[in-house]
>>> print(open('structure39.txt').read())   # compact mmCIF, C-alpha atoms
# COMPACT_ATOMS: atom_id res chain seq x y z
CA MET I 98 35.90 15.59 -26.12
CA LEU I 99 33.57 17.15 -23.56
CA SER I 100 30.65 16.69 -25.95
CA ASN I 101 31.44 12.99 -26.42
CA TYR I 102 31.67 12.63 -22.66
CA ARG I 103 28.20 14.21 -22.28
CA GLN I 104 26.79 12.00 -25.02
CA GLY I 105 28.07 8.97 -23.16
CA TRP I 106 26.35 10.06 -19.99
CA HIS I 107 23.14 10.78 -21.90
CA PHE I 108 23.27 7.30 -23.33
CA LEU I 109 23.83 5.76 -19.92
CA ILE I 110 20.94 7.73 -18.42
CA ALA I 111 18.59 6.83 -21.26
CA ALA I 112 19.60 3.19 -21.18
CA GLY I 113 19.21 3.12 -17.43
CA LEU I 114 15.72 4.61 -17.63
CA ILE I 115 14.69 2.07 -20.25
CA ILE I 116 16.00 -0.83 -18.23
CA ALA I 117 14.43 0.51 -15.04
CA THR I 118 11.10 0.91 -16.80
CA ILE I 119 11.19 -2.63 -18.13
CA VAL I 120 12.08 -3.93 -14.69
CA ILE I 121 9.20 -1.97 -13.11
CA VAL I 122 6.75 -3.30 -15.68
CA LEU I 123 7.83 -6.91 -15.43
CA ILE I 124 8.52 -7.23 -11.73
CA ILE I 125 6.06 -5.43 -9.50
CA PRO I 126 6.51 -6.50 -5.89
CA ALA I 127 2.91 -6.30 -4.80
CA GLY I 128 3.32 -6.78 -1.09
CA ASP I 129 4.02 -9.47 1.39
CA LEU I 130 2.51 -11.15 4.28
CA ALA I 131 4.38 -12.93 7.01
CA ALA I 132 3.39 -14.97 9.98
CA HIS I 133 5.39 -17.17 12.30
CA GLY I 134 6.28 -20.46 10.67
CA VAL I 135 5.27 -19.70 7.09
CA ILE I 136 6.07 -16.73 4.89
CA LEU I 137 3.98 -16.08 1.80
CA GLU I 138 4.81 -13.46 -0.80
CA TYR I 139 3.44 -12.73 -4.22
CA THR I 140 4.15 -10.84 -7.38
CA GLN I 141 1.48 -9.81 -9.82
CA ASN I 142 2.36 -9.77 -13.47
CA SER I 143 0.53 -11.46 -16.30
CA SER I 144 -0.38 -13.88 -13.55
CA VAL I 145 -0.15 -13.99 -9.78
CA GLU I 146 2.89 -15.88 -8.54
CA ILE I 147 2.92 -17.05 -4.94
CA THR I 148 6.20 -17.86 -3.22
CA ALA I 149 5.86 -19.95 -0.06
CA ARG I 150 8.67 -20.72 2.36
CA TYR I 151 9.18 -21.57 5.97
CA ASP I 152 10.53 -18.86 8.21
CA TYR I 153 13.85 -20.66 8.31
CA GLY I 154 14.13 -20.20 4.56
CA GLU I 155 13.27 -23.57 3.08
CA PRO I 156 10.77 -23.42 0.19
CA MET I 157 7.44 -25.16 0.75
CA SER I 158 7.90 -27.51 -2.18
CA GLY I 159 4.83 -29.61 -2.82
CA ALA I 160 2.65 -27.57 -0.44
CA GLN I 161 -1.09 -27.66 -1.04
CA VAL I 162 -2.57 -24.49 -2.46
CA ALA I 163 -6.21 -23.42 -2.48
CA VAL I 164 -7.31 -20.23 -4.19
CA PHE I 165 -10.59 -18.62 -3.09
CA ALA I 166 -12.35 -16.03 -5.21
CA PRO I 167 -14.21 -13.12 -3.60
CA GLY I 168 -17.71 -14.05 -2.51
CA SER I 169 -16.94 -17.78 -2.36
CA PRO I 170 -14.81 -18.27 0.73
CA SER I 171 -15.86 -21.87 1.27
CA GLU I 172 -15.29 -23.37 -2.16
CA PRO I 173 -11.83 -23.19 -3.74
CA TRP I 174 -11.77 -21.52 -7.12
CA LEU I 175 -8.57 -23.40 -7.86
CA THR I 176 -6.38 -25.96 -6.11
CA GLY I 177 -2.84 -27.07 -6.82
CA THR I 178 0.61 -27.59 -5.35
CA CYS I 179 3.74 -25.49 -5.11
CA ASP I 180 6.67 -26.47 -7.29
CA ASP I 181 10.10 -27.45 -5.96
CA SER I 182 10.99 -23.82 -5.31
CA GLY I 183 7.77 -23.19 -3.40
CA LYS I 184 6.12 -21.26 -6.22
CA PHE I 185 2.57 -21.43 -7.51
CA SER I 186 1.11 -19.32 -10.30
CA PHE I 187 -2.43 -18.66 -11.39
CA VAL I 188 -4.36 -16.18 -13.46
CA PRO I 189 -7.31 -14.77 -11.52
CA ASP I 190 -10.62 -14.15 -13.23
CA THR I 191 -10.71 -10.38 -13.42
CA GLN I 192 -14.46 -10.55 -13.85
CA ILE I 193 -14.49 -11.35 -10.12
CA PRO I 194 -12.83 -8.28 -8.64
CA GLY I 195 -12.12 -8.04 -4.94
CA LEU I 196 -9.96 -9.67 -2.33
CA TRP I 197 -8.70 -13.06 -3.47
CA GLU I 198 -7.37 -15.45 -0.85
CA VAL I 199 -4.64 -18.01 -1.38
CA GLN I 200 -4.09 -20.63 1.30
CA VAL I 201 -0.83 -22.58 1.34
CA ARG I 202 -0.29 -25.42 3.78
CA GLN I 203 2.04 -28.32 4.35
CA ALA I 204 2.79 -30.69 7.20
CA GLY I 205 0.78 -28.83 9.79
CA HIS I 206 1.94 -25.36 8.82
CA GLY I 207 0.13 -22.88 6.66
CA ASP I 208 -1.05 -19.37 6.06
CA ILE I 209 -3.28 -17.26 3.85
CA ILE I 210 -2.22 -14.39 1.64
CA ARG I 211 -4.76 -11.94 0.28
CA ILE I 212 -4.50 -10.22 -3.07
CA GLN I 213 -6.63 -7.34 -4.27
CA ILE I 214 -7.71 -7.90 -7.85
CA SER I 215 -9.49 -5.17 -9.73
CA GLU I 216 -11.47 -5.66 -12.88
CA GLY I 217 -9.11 -6.06 -15.82
CA SER I 218 -6.03 -5.99 -13.60
CA ALA I 219 -4.56 -9.37 -14.44
CA GLY I 220 -6.32 -11.10 -17.31
CA PRO I 221 -5.21 -14.29 -19.00
CA SER I 222 -3.40 -12.35 -21.69
CA GLY I 223 -2.53 -9.45 -19.46
CA ALA I 224 0.91 -8.17 -18.60
CA GLY I 225 1.44 -6.36 -15.35
CA GLY I 226 -2.26 -5.83 -14.82
CA PHE I 227 -2.80 -3.27 -17.60
CA THR I 228 -5.56 -2.77 -20.10
CA THR I 229 -4.89 -3.46 -23.77
CA ALA I 230 -4.84 0.28 -24.53
CA GLN I 231 -2.30 0.89 -21.78
CA LYS I 232 -0.08 -1.91 -23.05
CA ILE I 233 -0.16 -0.50 -26.59
CA ILE I 234 0.69 2.97 -25.33
CA MET I 235 3.53 1.67 -23.19
CA ALA I 236 4.97 -0.44 -26.00
CA ALA I 237 4.79 2.54 -28.36
CA ALA I 238 6.39 4.78 -25.74
CA VAL I 239 9.31 2.42 -25.22
CA ILE I 240 9.85 2.02 -28.99
CA TRP I 241 9.57 5.78 -29.46
CA GLY I 242 12.12 6.35 -26.73
CA LEU I 243 14.52 3.83 -28.23
CA VAL I 244 14.18 5.36 -31.72
CA GLY I 245 14.67 8.86 -30.37
CA THR I 246 17.74 7.82 -28.41
CA ALA I 247 19.23 5.99 -31.38
CA LEU I 248 18.69 8.92 -33.73
CA PHE I 249 20.14 11.32 -31.19
CA PHE I 250 23.37 9.41 -31.09
CA THR I 251 23.55 8.99 -34.87
CA ARG I 252 23.17 12.71 -35.59
CA ARG I 253 25.92 14.55 -37.39
CA ARG I 254 27.98 16.89 -35.35
CA ALA I 255 27.49 20.54 -36.46
CA MET J 866 2.35 23.14 -39.98
CA SER J 867 1.78 22.06 -43.55
CA LEU J 868 2.88 18.64 -44.68
CA ASN J 869 5.04 18.25 -47.75
CA LYS J 870 7.61 15.82 -49.08
CA ASN J 871 10.23 17.25 -46.72
CA THR J 872 8.17 16.61 -43.60
CA PRO J 873 9.65 13.14 -42.77
CA GLY J 874 13.13 14.57 -43.10
CA LYS J 875 12.29 17.41 -40.74
CA ILE J 876 10.94 14.96 -38.18
CA ILE J 877 14.13 12.89 -38.35
CA ILE J 878 16.26 16.01 -37.95
CA ALA J 879 14.17 17.05 -34.96
CA LEU J 880 14.50 13.60 -33.48
CA LYS J 881 18.25 13.67 -33.95
CA LYS J 882 18.40 17.04 -32.26
CA TYR J 883 16.00 16.39 -29.40
CA GLY J 884 15.93 12.61 -29.34
CA ILE J 885 17.20 12.34 -25.79
CA VAL J 886 14.39 14.66 -24.64
CA PHE J 887 11.81 12.48 -26.40
CA ALA J 888 13.32 9.38 -24.89
CA ILE J 889 13.19 10.69 -21.34
CA ALA J 890 9.70 12.15 -21.79
CA THR J 891 8.27 8.94 -23.17
CA LEU J 892 9.91 6.90 -20.47
CA LEU J 893 8.44 9.19 -17.82
CA VAL J 894 5.02 8.69 -19.39
CA THR J 895 5.57 4.96 -19.25
CA VAL J 896 6.56 5.08 -15.59
CA LEU J 897 3.48 7.18 -14.81
CA LEU J 898 1.31 4.64 -16.56
CA VAL J 899 2.87 1.87 -14.55
CA SER J 900 2.63 3.55 -11.20
CA GLY J 901 -0.54 5.54 -11.37
CA PHE J 902 -3.04 4.55 -13.97
CA GLY J 903 -5.15 1.48 -13.81
CA CYS J 904 -2.94 -0.59 -11.54
CA LYS J 905 -4.39 0.34 -8.21
CA SER J 906 -7.57 -1.37 -7.34
CA ASP J 907 -10.58 0.61 -6.28
CA ALA J 908 -12.59 -2.53 -5.74
CA LYS J 909 -14.11 -2.96 -2.33
CA PRO J 910 -13.30 -6.02 -0.23
CA ALA J 911 -15.66 -8.90 -0.75
CA ALA J 912 -17.25 -8.39 2.64
CA GLU J 913 -18.13 -4.82 1.75
CA GLU J 914 -19.51 -5.83 -1.60
CA SER J 915 -21.83 -8.29 0.00
CA GLY J 916 -23.14 -5.60 2.32
CA ALA J 917 -23.70 -5.69 6.04
CA ILE J 918 -25.31 -8.91 7.14
CA ALA J 919 -27.87 -8.35 9.84
CA GLU J 920 -29.06 -11.91 10.24
CA THR J 921 -27.78 -14.34 12.81
CA GLY J 922 -26.68 -17.92 13.20
CA THR J 923 -24.96 -20.32 15.58
CA LEU J 924 -21.23 -20.24 16.16
CA ALA J 925 -19.73 -23.33 17.77
CA PHE J 926 -16.40 -22.90 19.54
CA VAL J 927 -14.33 -26.06 19.45
CA ALA J 928 -10.86 -27.18 20.59
CA ASN J 929 -8.75 -29.68 18.72
CA GLY J 930 -5.61 -31.59 19.73
CA GLU J 931 -5.63 -33.42 16.40
CA ASP J 932 -4.97 -37.10 15.81
CA PHE J 933 -1.64 -36.88 17.60
CA VAL J 934 -3.35 -36.72 20.98
CA ARG J 935 -6.48 -38.74 20.16
CA GLU J 936 -4.74 -41.67 18.53
CA GLY J 937 -1.27 -41.41 20.01
CA MET J 938 1.97 -40.39 18.41
CA SER J 939 5.60 -41.31 18.04
CA SER J 940 7.95 -38.70 19.51
CA LYS J 941 11.05 -37.40 17.80
CA GLU J 942 13.05 -40.11 19.61
CA SER J 943 10.47 -42.73 18.59
CA TRP J 944 8.83 -43.08 21.98
CA ASN J 945 5.30 -44.29 21.28
CA ILE J 946 3.06 -42.05 23.32
CA SER J 947 -0.57 -42.76 24.10
CA PHE J 948 -2.69 -40.23 25.92
CA ASP J 949 -5.25 -40.96 28.60
CA HIS J 950 -6.12 -37.32 29.06
CA ALA J 951 -5.07 -33.94 27.77
CA TYR J 952 -7.05 -31.50 29.84
CA ILE J 953 -6.86 -27.94 28.64
CA THR J 954 -8.69 -25.01 30.19
CA LEU J 955 -9.73 -22.13 27.97
CA ALA J 956 -10.89 -18.67 29.00
CA ASP J 957 -11.43 -15.20 27.55
CA ILE J 958 -12.54 -16.77 24.27
CA LYS J 959 -13.47 -14.24 21.61
CA ALA J 960 -14.19 -14.62 17.91
CA TYR J 961 -13.99 -11.63 15.59
CA GLN J 962 -15.12 -10.54 12.17
CA THR J 963 -12.31 -8.36 10.87
CA ASP J 964 -12.16 -6.36 7.67
CA PRO J 965 -9.53 -6.18 6.37
CA PRO J 966 -8.88 -9.70 7.60
CA TYR J 967 -6.66 -9.90 10.65
CA ASP J 968 -3.13 -11.10 10.16
CA THR J 969 -0.72 -11.88 12.98
CA GLY J 970 1.72 -9.44 11.42
CA GLN J 971 -0.57 -6.69 12.73
CA GLY J 972 0.27 -7.57 16.31
CA TRP J 973 -2.14 -7.51 19.23
CA ASP J 974 -3.99 -4.32 18.29
CA PHE J 975 -6.62 -4.64 15.61
CA GLU J 976 -10.12 -3.50 14.77
CA TYR J 977 -13.13 -5.69 14.26
CA LYS J 978 -16.67 -5.36 12.98
CA GLU J 979 -18.27 -8.01 15.17
CA MET J 980 -17.13 -9.87 18.25
CA VAL J 981 -18.59 -12.87 20.04
CA GLU J 982 -17.33 -13.58 23.55
CA LEU J 983 -17.70 -16.63 25.76
CA ALA J 984 -17.78 -15.81 29.44
CA GLY J 985 -16.14 -18.20 31.87
CA LYS J 986 -13.57 -21.00 31.83
CA PHE J 987 -14.00 -24.23 29.95
CA THR J 988 -11.99 -27.42 30.49
CA VAL J 989 -12.00 -30.02 27.73
CA ASP J 990 -10.15 -33.30 27.30
CA LEU J 991 -8.44 -33.16 23.94
CA ALA J 992 -7.47 -36.84 24.19
CA SER J 993 -11.04 -38.06 24.27
CA PRO J 994 -11.86 -40.10 21.18
CA ASP J 995 -14.94 -37.94 20.81
CA ALA J 996 -12.88 -34.74 20.80
CA ASP J 997 -12.69 -34.53 17.04
CA PRO J 998 -12.90 -31.66 17.73
CA ALA J 999 -13.92 -31.15 21.36
CA PRO J 1000 -16.95 -28.88 21.74
CA VAL J 1001 -16.35 -25.93 24.04
CA ARG J 1002 -19.52 -23.90 23.89
CA GLN J 1003 -22.07 -22.85 21.31
CA ALA J 1004 -23.10 -19.23 20.83
CA ASP J 1005 -26.58 -18.79 19.40
CA ASN J 1006 -28.06 -15.82 17.59
CA VAL J 1007 -24.75 -14.20 16.81
CA PRO J 1008 -24.25 -12.02 13.74
CA ALA J 1009 -23.63 -13.96 10.56
CA GLY J 1010 -20.42 -13.30 8.65
CA HIS J 1011 -16.86 -14.50 8.42
CA TYR J 1012 -15.22 -14.95 11.81
CA ASN J 1013 -11.64 -14.69 10.68
CA ALA J 1014 -9.85 -14.09 13.97
CA ILE J 1015 -9.98 -15.64 17.42
CA SER J 1016 -8.29 -15.03 20.74
CA TRP J 1017 -8.25 -17.04 23.93
CA THR J 1018 -6.28 -17.79 27.04
CA MET J 1019 -4.97 -21.14 28.16
CA ALA J 1020 -5.81 -20.60 31.82
CA ARG J 1021 -5.38 -22.51 35.07
CA ALA J 1022 -8.40 -24.62 35.94
CA ASP J 1023 -10.20 -23.62 39.12
CA SER J 1024 -11.53 -27.09 39.77
CA GLY J 1025 -11.84 -30.54 38.29
CA PRO J 1026 -9.21 -33.14 37.39
CA SER J 1027 -6.73 -30.53 36.13
CA GLU J 1028 -7.22 -28.02 38.95
CA GLY J 1029 -4.28 -25.65 39.15
CA TYR J 1030 -3.07 -26.46 35.65
CA ALA J 1031 -3.74 -24.77 32.34
CA LEU J 1032 -2.73 -27.98 30.58
CA LEU J 1033 -2.44 -31.43 32.10
CA ILE J 1034 -1.28 -34.33 29.96
CA VAL J 1035 -1.55 -37.88 31.27
CA GLY J 1036 -0.45 -40.94 29.37
CA THR J 1037 2.14 -43.60 28.66
CA GLY J 1038 5.38 -43.63 26.73
CA GLU J 1039 6.80 -46.88 25.37
CA LYS J 1040 10.05 -47.63 23.63
CA ASP J 1041 11.93 -50.91 23.21
CA GLY J 1042 9.81 -52.58 25.89
CA GLU J 1043 10.31 -49.81 28.45
CA ILE J 1044 7.05 -48.25 29.62
CA ILE J 1045 6.85 -44.90 31.40
CA ASN J 1046 3.59 -43.60 32.83
CA PHE J 1047 3.64 -39.85 32.86
CA SER J 1048 1.70 -36.86 34.14
CA LEU J 1049 2.87 -33.53 32.81
CA GLY J 1050 1.23 -30.37 34.10
CA PHE J 1051 1.67 -26.78 32.94
CA GLU J 1052 0.67 -23.99 35.27
CA GLN J 1053 1.70 -21.19 32.94
CA GLU J 1054 -1.15 -19.22 31.42
CA VAL J 1055 -0.76 -18.15 27.81
CA ALA J 1056 -2.80 -15.75 25.66
CA TYR J 1057 -3.20 -16.57 21.97
CA LEU J 1058 -4.46 -14.54 19.03
CA GLY J 1059 -4.82 -16.02 15.57
CA GLY J 1060 -6.32 -15.23 12.20
CA ASP J 1061 -8.33 -17.26 9.75
CA TYR J 1062 -8.54 -21.03 10.16
CA ILE J 1063 -6.00 -22.80 7.96
CA GLY J 1064 -6.94 -26.34 6.94
CA ASP J 1065 -8.52 -28.58 4.38
CA VAL J 1066 -11.86 -26.83 4.90
CA ARG J 1067 -12.67 -23.23 5.76
CA LYS J 1068 -14.13 -22.55 9.20
CA GLY J 1069 -15.72 -19.56 10.85
CA ILE J 1070 -17.96 -18.71 7.90
CA LEU J 1071 -21.42 -18.26 9.35
CA ASN J 1072 -24.28 -17.89 6.92
CA PRO J 1073 -27.56 -16.32 8.06
CA GLY J 1074 -29.68 -18.94 9.78
CA GLY J 1075 -26.85 -21.45 9.65
CA SER J 1076 -24.11 -22.72 11.90
CA ALA J 1077 -20.34 -22.67 11.77
CA GLU J 1078 -17.35 -23.85 13.78
CA ILE J 1079 -14.44 -21.79 14.93
CA GLU J 1080 -11.47 -23.72 16.23
CA MET J 1081 -8.64 -23.41 18.72
CA THR J 1082 -6.04 -25.95 17.69
CA PHE J 1083 -3.16 -27.35 19.74
CA HIS J 1084 -0.12 -28.96 18.17
CA PHE J 1085 1.28 -31.70 20.37
CA ASP J 1086 4.03 -32.43 17.86
CA HIS J 1087 5.54 -29.11 18.87
CA LEU J 1088 5.86 -30.50 22.41
CA PHE J 1089 7.01 -34.06 21.75
CA GLY J 1090 8.33 -33.78 18.20
CA THR J 1091 7.57 -36.50 15.71
CA ASP J 1092 9.63 -39.15 14.00
CA GLU J 1093 7.53 -38.55 10.91
CA GLU J 1094 9.90 -35.64 10.30
CA ASP J 1095 13.69 -35.67 10.15
CA ALA J 1096 15.55 -35.37 13.42
CA ASP J 1097 17.03 -32.08 12.27
CA ASP J 1098 13.69 -30.66 11.21
CA PRO J 1099 13.39 -27.24 12.92
CA MET J 1100 10.25 -28.28 14.74
CA ASN J 1101 11.95 -31.39 16.15
CA LEU J 1102 15.01 -29.40 17.15
CA ASP J 1103 12.75 -27.07 19.15
CA ALA J 1104 10.59 -29.84 20.63
CA LEU J 1105 11.09 -31.26 24.12
CA GLY J 1106 10.54 -34.83 23.03
CA PHE J 1107 9.84 -37.61 25.49
CA ALA J 1108 13.37 -38.71 26.37
CA PRO J 1109 13.94 -35.93 28.96
CA LEU J 1110 10.85 -37.14 30.83
CA ALA J 1111 12.01 -40.74 30.68
CA GLU J 1112 15.40 -39.73 32.06
CA ILE J 1113 13.92 -38.14 35.17
CA ALA J 1114 11.33 -40.89 35.75
CA ALA J 1115 11.37 -42.66 39.08
CA GLY J 1116 10.97 -46.28 38.13
CA ASP J 1117 8.23 -46.55 35.56
CA SER J 1118 6.53 -43.24 36.19
CA VAL J 1119 7.11 -39.54 36.15
CA GLU J 1120 4.75 -36.94 37.53
CA VAL J 1121 5.98 -33.42 36.96
CA SER J 1122 4.78 -29.88 36.59
CA MET J 1123 6.38 -26.97 34.83
CA SER J 1124 7.72 -25.64 38.13
CA SER J 1125 9.30 -28.98 39.06
CA LEU J 1126 10.72 -29.38 35.58
CA SER J 1127 12.47 -26.04 35.97
CA LYS J 1128 14.50 -27.69 38.74
CA LEU J 1129 14.88 -31.13 37.23
CA LEU J 1130 15.82 -30.30 33.67
CA ASP J 1131 18.91 -28.70 32.25
CA PRO J 1132 18.16 -24.97 31.77
CA GLY J 1133 18.60 -25.31 28.03
CA VAL J 1134 16.06 -28.13 27.86
CA PHE J 1135 13.63 -26.31 30.11
CA GLY J 1136 14.01 -23.27 27.88
CA LEU J 1137 12.54 -25.35 25.09
CA ILE J 1138 9.33 -25.79 27.08
CA GLU J 1139 9.00 -22.07 27.61
CA LYS J 1140 9.21 -21.52 23.86
CA ILE J 1141 6.98 -24.45 22.99
CA LEU J 1142 4.03 -23.03 24.91
CA LEU J 1143 4.20 -19.96 22.72
CA HIS J 1144 3.92 -22.14 19.60
CA PHE J 1145 1.39 -24.59 21.01
CA GLY J 1146 -1.80 -22.77 20.10
CA HIS J 1147 -2.88 -22.54 16.46
CA VAL J 1148 -5.96 -21.87 14.39
CA GLY J 1149 -5.93 -25.02 12.32
CA GLU J 1150 -2.46 -24.91 10.84
CA GLY J 1151 -2.13 -21.16 11.17
CA HIS J 1152 0.26 -19.89 13.81
CA CYS J 1153 -0.85 -17.50 16.52
CA LEU J 1154 0.60 -14.63 18.41
CA ALA J 1155 1.20 -15.74 21.97
CA LYS J 1156 2.35 -14.27 25.25
CA TYR J 1157 2.65 -15.38 28.83
CA ILE J 1158 0.21 -13.88 31.28
CA ASN J 1159 -0.07 -14.16 35.04
>>> encode(input="structure39.txt", output="structure tokens")
Amino acid sequence: MLSNYRQGWHFLIAAGLIIATIVIVLIIPAGDLAAHGVILEYTQNSSVEITARYDYGEPMSGAQVAVFAPGSPSEPWLTGTCDDSGKFSFVPDTQIPGLWEVQVRQAGHGDIIRIQISEGSAGPSGAGGFTTAQKIIMAAAVIWGLVGTALFFTRRRA
Amino acid sequence: MSLNKNTPGKIIIALKKYGIVFAIATLLVTVLLVSGFGCKSDAKPAAEESGAIAETGTLAFVANGEDFVREGMSSKESWNISFDHAYITLADIKAYQTDPPYDTGQGWDFEYKEMVELAGKFTVDLASPDADPAPVRQADNVPAGHYNAISWTMARADSGPSEGYALLIVGTGEKDGEIINFSLGFEQEVAYLGGDYIGDVRKGILNPGGSAEIEMTFHFDHLFGTDEEDADDPMNLDALGFAPLAEIAAGDSVEVSMSSLSKLLDPGVFGLIEKILLHFGHVGEGHCLAKYIN
């Protein structure tokens, strides 16, 4: 009885760790930047996702976006518009490491958010800004953990 | 350990016995990979990569009231306003190269690499058709680089047509055949500090041997509102509009200052003006920190 109870807690802990790890890998809040009028935030995953909203909460749907790569502050590397929820995603060229700038503006309001990109941190096929070797190791580690946990709970009681 | 046909079975038994340990250990490794290895950038900011720039150029300080004040505007209550003059006096003007780039979230204290200062007070008429933008003063032989912050004071003029006022707006409002001539003066001095220019082009980027503009921008739609936006748009809700001026007009004209408005307007309406001045100054479309002085 007590052993089953402990096994249940072990399972919950292991499952919780796995879920937490996946959440950490997939959703890395990379910082925020706020100014009066416009609030810009971003997350960096396989791509950089900008979220733009006014300080009273409304998303900046349709806002103009200009992305500037390091070393070229005058010429946009990419332009576009936010979607209905005020989001805009792009994949930076990791061959141009440094401080990337993203300007979002609409109807006389705007701001710039700056994102540090290191070489190989967020490539077109990247996930969470990791190298291919890191991704393989992490995938293997998660699978290994799942197998180990499963076998632990399927063992025969002595 | 020698391998034989029983090795896989031994591994499975070990996994069954210590599986939870393996699971936790591997997950910890994963978390370490996520948090510590390869994710943090060690890249230097672009400005550092490019190295210190010793050469110089010309930095032109300009002020801009935008099309609203040059071409006229329609207030939030659809009063058509045309402007004869919008005199603004600027002082303590300083442009900065900051690295990391200044953001208003940092507050009033920040560090800079280079600073260019204009001594004196400068009065410009933002309503002039030629004020697109209005030149304030040009600074020659200043260090090249990215001027990504600017501070200034909207200060009372010591002389000239707007003497005694930091901002003097003169014009005409018209609605449904009713015409009101107005003169609206603001004595209150306000200090502004903003970051990088926000707009359809970048400004403040001075290449060696070249020239660049750095702009102080003033949003008149924050004062009068605009019927281009919904009536319940937050900016319109916070704007004075033109109707309160029309209501206190004597005949077809109203000539008021901030001090007289404090007596003539409902305290709630006058309170709008006090807030508006803090949101009046911008850098392009980027908001500034602002505070009353003097």
>>> residues_around(input="structure39.txt", residues="Met1100 of chain J", least_positions_apart="6", cutoff="9 Å", atoms="all atoms listed in the file", output="ChimeraX atom specification")
/J:1086-1087,1090-1091,1094
>>> atom_distance(input="structure39.txt", atom1="atom CA of Thr1037 of chain J", atom2="atom CA of Glu936 of chain J")
12.4 Å
>>> residues_around(input="structure39.txt", residues="Phe948 of chain J", least_positions_apart="5", cutoff="9 Å", atoms="all atoms listed in the file", output="number ranges by chain")
J: 934-938, 992-993, 1034-1038
>>> closest_residue(input="structure39.txt", among="I:Pro173, I:Gly183, I:Pro167, I:Pro156", to="Arg211 of chain I", atoms="all atoms listed in the file")
I:Pro167
>>> atom_distance(input="structure39.txt", atom1="atom CA of Phe185 of chain I", atom2="atom CA of Glu216 of chain I")
21.8 Å
>>> residues_around(input="structure39.txt", residues="Ile1113 of chain J", least_positions_apart="2", cutoff="12 Å", atoms="only C-alpha atoms", output="ChimeraX atom specification")
/J:1045-1047,1107-1111,1115-1121,1125-1126,1128-1131
>>> atom_distance(input="structure39.txt", atom1="atom CA of Asn929 of chain J", atom2="atom CA of Gly1064 of chain J")
12.4 Å
